[in-house]
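final27.tsv (TSV, C-alpha atoms)
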chain	number	residue	atom	x	y	z
F	82	MET	CA	-13.44	-11.94	9.85
F	83	ARG	CA	-10.94	-11.21	12.62
F	84	LEU	CA	-11.67	-14.68	14.06
F	85	MET	CA	-10.93	-16.27	10.69
F	86	GLY	CA	-7.70	-14.31	10.42
F	87	GLY	CA	-6.66	-15.37	13.93
F	88	LEU	CA	-7.38	-19.05	13.25
F	89	THR	CA	-5.50	-18.88	9.96
F	90	LEU	CA	-2.49	-17.29	11.63
F	91	PHE	CA	-2.54	-19.90	14.41
F	92	PHE	CA	-2.84	-22.77	11.92
F	93	TYR	CA	0.05	-21.69	9.74
F	94	THR	CA	2.20	-20.80	12.77
F	95	LEU	CA	1.62	-24.29	14.20
F	96	VAL	CA	2.46	-25.97	10.89
F	97	PHE	CA	5.67	-23.99	10.41
F	98	PHE	CA	6.63	-24.58	14.05
F	99	LEU	CA	6.23	-28.35	13.67
F	100	VAL	CA	8.09	-28.47	10.35
F	101	GLY	CA	10.90	-26.30	11.71
F	102	GLY	CA	11.16	-28.45	14.84
F	103	LEU	CA	11.34	-31.59	12.70
F	104	PHE	CA	14.17	-30.11	10.64
F	105	ILE	CA	16.09	-29.19	13.81
F	106	VAL	CA	15.62	-32.69	15.24
F	107	VAL	CA	16.92	-34.27	12.03
F	108	ALA	CA	19.85	-31.85	11.80
F	109	MET	CA	20.93	-32.49	15.39
F	110	ASN	CA	20.50	-36.27	15.00
F	111	VAL	CA	18.32	-36.45	18.11
F	112	ILE	CA	16.29	-39.39	16.77
F	113	PRO	CA	18.37	-42.37	15.59
F	114	LEU	CA	18.10	-43.22	11.89
F	115	ASN	CA	17.08	-46.81	12.62
F	116	TYR	CA	14.10	-45.57	14.67
F	117	ILE	CA	12.94	-43.36	11.79
F	118	ILE	CA	13.29	-46.23	9.30
F	119	ASP	CA	11.35	-48.61	11.57
F	120	MET	CA	8.59	-46.03	12.04
F	121	LEU	CA	8.28	-45.48	8.28
F	122	ASN	CA	8.19	-49.23	7.65
F	123	THR	CA	5.38	-49.53	10.20
F	124	LEU	CA	3.43	-46.71	8.55
F	125	TYR	CA	3.80	-48.24	5.08
F	126	ALA	CA	2.83	-51.68	6.32
F	127	ASN	CA	-0.38	-50.49	8.00
F	128	THR	CA	-3.09	-49.72	5.44
F	129	ASP	CA	-5.35	-47.94	7.94
F	130	VAL	CA	-2.60	-45.56	9.02
F	131	ARG	CA	-1.77	-44.72	5.40
F	132	LEU	CA	-5.45	-44.07	4.71
F	133	ILE	CA	-5.69	-41.71	7.70
F	134	LEU	CA	-2.54	-39.87	6.61
F	135	GLY	CA	-3.89	-39.53	3.05
F	136	ILE	CA	-7.24	-38.15	4.24
F	137	THR	CA	-5.49	-35.75	6.65
F	138	GLY	CA	-3.20	-34.50	3.90
F	139	GLY	CA	-6.12	-33.95	1.53
F	140	LEU	CA	-8.05	-32.04	4.21
F	141	LEU	CA	-5.05	-29.82	4.93
F	142	ILE	CA	-4.65	-28.99	1.22
F	143	PHE	CA	-8.40	-28.29	0.91
F	144	ILE	CA	-8.37	-26.02	3.97
F	145	SER	CA	-5.33	-24.16	2.64
F	146	LEU	CA	-7.03	-23.54	-0.73
F	147	MET	CA	-10.20	-22.33	1.00
F	148	VAL	CA	-8.23	-19.95	3.21
F	149	ILE	CA	-6.39	-18.56	0.18
F	150	GLN	CA	-9.67	-18.08	-1.71
F	151	ILE	CA	-11.32	-16.33	1.25
F	152	THR	CA	-8.28	-14.11	1.82
F	153	VAL	CA	-8.08	-13.08	-1.84
F	154	GLY	CA	-11.84	-12.36	-1.85
F	155	VAL	CA	-11.55	-10.16	1.24
F	156	ILE	CA	-8.60	-8.27	-0.25
F	157	GLN	CA	-10.45	-7.67	-3.52
F	158	LYS	CA	-13.57	-6.57	-1.63
F	159	GLU	CA	-11.58	-4.10	0.46
F	160	LYS	CA	-10.15	-2.52	-2.72
F	161	THR	CA	-13.56	-1.49	-4.08
F	162	ILE	CA	-16.67	0.37	-2.99
F	163	ALA	CA	-19.99	-1.08	-4.11
F	164	PHE	CA	-23.47	0.43	-4.12
F	165	GLU	CA	-26.75	-0.45	-5.73
F	166	ASN	CA	-28.31	1.41	-8.64
F	167	PRO	CA	-31.78	0.72	-10.02
F	168	ASP	CA	-30.16	-1.06	-12.99
F	169	GLY	CA	-27.63	-3.06	-10.98
F	170	GLN	CA	-24.58	-2.97	-8.75
F	171	VAL	CA	-21.78	-0.46	-9.30
F	172	THR	CA	-18.24	-0.89	-7.97
F	173	ILE	CA	-15.60	1.83	-7.75
F	174	SER	CA	-11.92	1.06	-7.35
F	175	LEU	CA	-10.23	2.70	-4.37
F	176	THR	CA	-7.29	3.44	-6.64
F	177	ALA	CA	-9.57	5.56	-8.83
F	178	ILE	CA	-10.65	7.56	-5.78
F	179	GLU	CA	-7.02	8.05	-4.75
F	180	ASP	CA	-6.14	9.38	-8.22
F	181	PHE	CA	-9.17	11.69	-8.09
F	182	ILE	CA	-8.07	13.13	-4.74
F	183	LYS	CA	-4.50	13.55	-5.95
F	184	ARG	CA	-5.68	15.54	-8.96
F	185	SER	CA	-7.96	17.65	-6.76
F	186	MET	CA	-5.07	18.58	-4.49
F	187	LYS	CA	-3.02	19.93	-7.41
F	188	SER	CA	-5.28	22.99	-7.53
F	189	LEU	CA	-4.26	24.06	-4.00
F	190	PRO	CA	-1.19	26.32	-4.00
F	191	GLU	CA	-0.41	25.42	-0.39
F	192	ILE	CA	0.38	21.80	-1.27
F	193	LYS	CA	3.49	20.64	-3.05
F	194	GLU	CA	2.73	16.92	-3.00
F	195	SER	CA	-0.19	14.70	-2.00
F	196	ARG	CA	-0.26	10.91	-1.49
F	197	PRO	CA	-3.79	9.79	-0.50
F	198	SER	CA	-4.66	6.31	0.72
F	199	VAL	CA	-8.29	5.15	0.81
F	200	ARG	CA	-9.71	2.32	2.94
F	201	ALA	CA	-13.31	1.13	2.93
F	202	SER	CA	-15.08	-0.60	5.79
F	203	LYS	CA	-18.60	-1.12	7.10
F	204	ARG	CA	-18.33	2.12	9.08
F	205	GLY	CA	-17.55	4.17	5.98
F	206	ILE	CA	-14.58	5.46	4.01
F	207	VAL	CA	-11.30	6.40	5.67
F	208	ILE	CA	-8.93	8.60	3.69
F	209	VAL	CA	-5.38	9.17	4.90
F	210	ASN	CA	-3.85	12.02	2.93
F	211	ARG	CA	-0.08	12.39	3.31
F	212	VAL	CA	0.90	15.85	2.14
F	213	VAL	CA	4.00	17.99	1.73
F	214	LEU	CA	3.24	21.63	2.55
F	215	PHE	CA	5.07	24.85	1.84
F	216	SER	CA	6.55	26.67	4.82
F	217	ASP	CA	4.60	29.91	4.36
F	218	VAL	CA	1.16	28.38	5.06
F	219	ASN	CA	-0.93	28.17	8.20
F	220	ILE	CA	-0.98	24.45	8.94
F	221	PRO	CA	-4.26	24.27	10.96
F	222	GLU	CA	-6.16	26.31	8.37
F	223	THR	CA	-4.61	24.45	5.43
F	224	THR	CA	-5.28	20.98	6.84
F	225	GLU	CA	-8.88	21.92	7.64
F	226	LYS	CA	-9.24	23.22	4.10
F	227	ILE	CA	-7.86	19.95	2.73
F	228	GLN	CA	-10.29	17.92	4.84
F	229	ASN	CA	-13.31	19.95	3.73
F	230	ILE	CA	-12.36	19.84	0.05
F	231	VAL	CA	-11.59	16.12	0.00
F	232	LYS	CA	-14.75	15.21	1.92
F	233	SER	CA	-17.08	17.32	-0.21
F	234	ARG	CA	-15.56	16.22	-3.53
F	235	VAL	CA	-15.52	12.51	-2.63
F	236	GLN	CA	-19.14	12.61	-1.45
F	237	GLU	CA	-20.12	14.55	-4.56
F	238	MET	CA	-18.27	12.09	-6.80
F	239	LEU	CA	-19.80	9.00	-5.20
F	240	GLY	CA	-23.26	10.55	-5.09
F	241	VAL	CA	-24.08	8.74	-1.84
F	242	GLU	CA	-24.10	9.88	1.76
F	243	GLU	CA	-21.21	7.72	2.89
F	244	THR	CA	-19.42	8.48	6.14
F	245	VAL	CA	-16.07	9.90	5.07
F	246	GLU	CA	-13.26	10.32	7.60
F	247	ILE	CA	-10.36	12.46	6.46
F	248	GLN	CA	-6.96	12.19	8.14
F	249	VAL	CA	-4.19	14.55	7.07
F	250	ASN	CA	-0.57	13.66	7.80
F	251	VAL	CA	1.93	16.42	7.11
F	252	THR	CA	5.04	14.45	6.24
F	253	LYS	CA	7.27	17.34	5.23
F	254	ILE	CA	7.43	21.15	5.15
F	255	VAL	CA	9.50	22.73	2.40
F	256	HIS	CA	10.40	26.27	1.40
F	257	LYS	CA	8.39	27.68	-1.42
F	258	GLU	CA	10.24	27.48	-4.67
F	259	GLU	CA	11.14	30.84	-6.08
F	260	ARG	CA	10.17	31.40	-9.62
F	261	SER	CA	13.16	31.89	-11.79
F	262	LYS	CA	13.18	35.16	-13.65
F	263	ASP	CA	14.19	35.28	-17.23
F	264	ILE	CA	17.48	36.99	-17.63
F	265	LYS	CA	17.74	38.98	-20.82
F	266	LYS	CA	20.94	38.43	-22.56
F	267	ASP	CA	22.66	41.48	-24.00
F	268	ASP	CA	22.98	40.84	-27.70
F	269	THR	CA	25.30	43.80	-28.19
F	270	LYS	CA	28.78	42.43	-27.85
F	271	ALA	CA	31.77	44.68	-27.57
F	272	PRO	CA	33.47	44.83	-30.95
F	273	PRO	CA	36.91	43.36	-31.13
F	274	TYR	CA	39.79	45.82	-30.71
F	275	ARG	CA	40.93	46.93	-34.13
F	276	GLY	CA	43.34	49.71	-33.21
F	277	THR	CA	47.11	49.68	-33.49
F	278	ILE	CA	49.00	48.12	-30.66
F	279	GLU	CA	51.78	50.35	-29.43
F	280	TYR	CA	54.85	48.72	-27.99
F	281	SER	CA	56.96	50.58	-25.50
F	282	SER	CA	60.62	50.84	-26.26
F	283	PHE	CA	63.07	50.27	-23.41
Take the structure I supplied and represent it as structure tokens, if you would.
Amino acid sequence: MRLMGGLTLFFYTLVFFLVGGLFIVVAMNVIPLNYIIDMLNTLYANTDVRLILGITGGLLIFISLMVIQITVGVIQKEKTIAFENPDGQVTISLTAIEDFIKRSMKSLPEIKESRPSVRASKRGIVIVNRVVLFSDVNIPETTEKIQNIVKSRVQEMLGVEETVEIQVNVTKIVHKEERSKDIKKDDTKAPPYRGTIEYSSF
């Protein structure tokens, strides 16, 4: 698949390079207009050349459509995990696994925020969990705890012995939010002054 990706990249790079070079040549008026007109007249007058150009154009369009179809298929395949049951194949979306991990992390008081990313390959499942931790936690112990919990819950959820690699990236450390205490308001207000105001005489 890497070979296919490399050939595709080389093909499209070559095409864009040639088209860009042609535009630059036309913009700089390197080739005289009369030469271009004569060349086009020759191409139109020769049936064999037009046939070759038509076949080449059709092949390029066909190859482009095939590459797009293969690329879309690979992308869709990488977004799901598939395994066989006695009654048929079962596929699980990687997005569903990411949501499951995110909900599982909410139960840990050491974590403020979790953003998991799941990738599937032939070697197994790779989970990159980007977390925001509170400042009063032990980072080595907390990250090991996260790895153990995520690995055990994902394997338990899938029900298969898949190789699960857990990577934890601590993106931010924040101070623990203090819980606001309810302040009781004093309902007893001082009564308005109802006495007699005495004025001093000068």
- Quote the spacing between atom CA of Gln228 of chain F and atom CA of Val171 of chain F in Å to one decimal place.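 Interatomic distance here is 25.9 Å.
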- Straight-line distance linking atom CA of Arg196 of chain F with atom CA of Lys253 of chain F, stated in Å to one decimal: 12.0 Å
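Atom CA of Glu191 of chain F is positioned 24.9 Å from atom CA of Ile206 of chain F.
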- Message: Which residue is closest to Ile227 of chain F? Choose from F:Ile182, F:Val255, F:Val245, F:Leu114 and count all atoms listed in the file.
- Response: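 Looking only at the distances to Ile227 of chain F, the closest residue turns out to be F:Ile182.
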- Close residues, Ile247 of chain F itself excluded, 7 Å, all atoms listed in the file, min 6 positions apart in chain, as a count of residues only: 5
Env of segment 237-241 of chain F: 9 Å cut, atoms = only C-alpha atoms, seq-sep filter 3 positions within chain, self excluded. Answer as a compact mmCIF listing (two decimals) with C-alpha atoms, keeping the file's coordinate frame.
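Here's the written file part-v3.txt:
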# COMPACT_ATOMS: atom_id res chain seq x y z
CA PHE F 164 -23.47 0.43 -4.12
CA ILE F 173 -15.60 1.83 -7.75
CA ILE F 178 -10.65 7.56 -5.78
CA LYS F 232 -14.75 15.21 1.92
CA SER F 233 -17.08 17.32 -0.21
CA ARG F 234 -15.56 16.22 -3.53
- Query: In file coordinates, which residues lie within 12 Å of (-10.8, 4.8, 3.5) using only C-alpha atoms, given as a PyMOL selection string?
  - Reply: chain F and resi 159-162+174-176+178-179+197-210+231-232+235+243-248
Using only C-alpha atoms, please write the residues we just selected to a file, as an mmCIF file, keeping the file's coordinate frame.
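File written: out.cif
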data_model
loop_
_atom_site.group_PDB
_atom_site.id
_atom_site.type_symbol
_atom_site.label_atom_id
_atom_site.label_comp_id
_atom_site.auth_asym_id
_atom_site.auth_seq_id
_atom_site.Cartn_x
_atom_site.Cartn_y
_atom_site.Cartn_z
ATOM 1 C CA GLU F 159 -11.580 -4.100 0.460
ATOM 2 C CA LYS F 160 -10.150 -2.520 -2.720
ATOM 3 C CA THR F 161 -13.560 -1.490 -4.080
ATOM 4 C CA ILE F 162 -16.670 0.370 -2.990
ATOM 5 C CA SER F 174 -11.920 1.060 -7.350
ATOM 6 C CA LEU F 175 -10.230 2.700 -4.370
ATOM 7 C CA THR F 176 -7.290 3.440 -6.640
ATOM 8 C CA ILE F 178 -10.650 7.560 -5.780
ATOM 9 C CA GLU F 179 -7.020 8.050 -4.750
ATOM 10 C CA PRO F 197 -3.790 9.790 -0.500
ATOM 11 C CA SER F 198 -4.660 6.310 0.720
ATOM 12 C CA VAL F 199 -8.290 5.150 0.810
ATOM 13 C CA ARG F 200 -9.710 2.320 2.940
ATOM 14 C CA ALA F 201 -13.310 1.130 2.930
ATOM 15 C CA SER F 202 -15.080 -0.600 5.790
ATOM 16 C CA LYS F 203 -18.600 -1.120 7.100
ATOM 17 C CA ARG F 204 -18.330 2.120 9.080
ATOM 18 C CA GLY F 205 -17.550 4.170 5.980
ATOM 19 C CA ILE F 206 -14.580 5.460 4.010
ATOM 20 C CA VAL F 207 -11.300 6.400 5.670
ATOM 21 C CA ILE F 208 -8.930 8.600 3.690
ATOM 22 C CA VAL F 209 -5.380 9.170 4.900
ATOM 23 C CA ASN F 210 -3.850 12.020 2.930
ATOM 24 C CA VAL F 231 -11.590 16.120 0.000
ATOM 25 C CA LYS F 232 -14.750 15.210 1.920
ATOM 26 C CA VAL F 235 -15.520 12.510 -2.630
ATOM 27 C CA GLU F 243 -21.210 7.720 2.890
ATOM 28 C CA THR F 244 -19.420 8.480 6.140
ATOM 29 C CA VAL F 245 -16.070 9.900 5.070
ATOM 30 C CA GLU F 246 -13.260 10.320 7.600
ATOM 31 C CA ILE F 247 -10.360 12.460 6.460
ATOM 32 C CA GLN F 248 -6.960 12.190 8.140
#
- Query: Nearest to Ile117 of chain F: which of F:Leu103, F:Val130, F:Thr172, F:Val249 is it, counting only C-alpha atoms?
  - Reply: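 Answer, going by the shortest atom-to-atom distance: F:Leu103.
Candidate residues F:Ile230, F:Pro221, F:Thr137, F:Asn127 were compared for distance to Lys183 of chain F, and the nearest is F:Ile230, using only C-alpha atoms.
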- Message: With distances taken over only C-alpha atoms, which residue among F:Val100, F:Leu132, F:Leu214, F:Val106 lies nearest Pro190 of chain F?
- Response: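 That would be F:Leu214, the residue with the smallest distance to Pro190 of chain F.
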- Query: Residues around (3.9, 24.2, 5.2), cut-off 12 Å, counting all atoms listed in the file - what are they as a PyMOL selection string?
  - Reply: chain F and resi 190-194+212-224+250-257
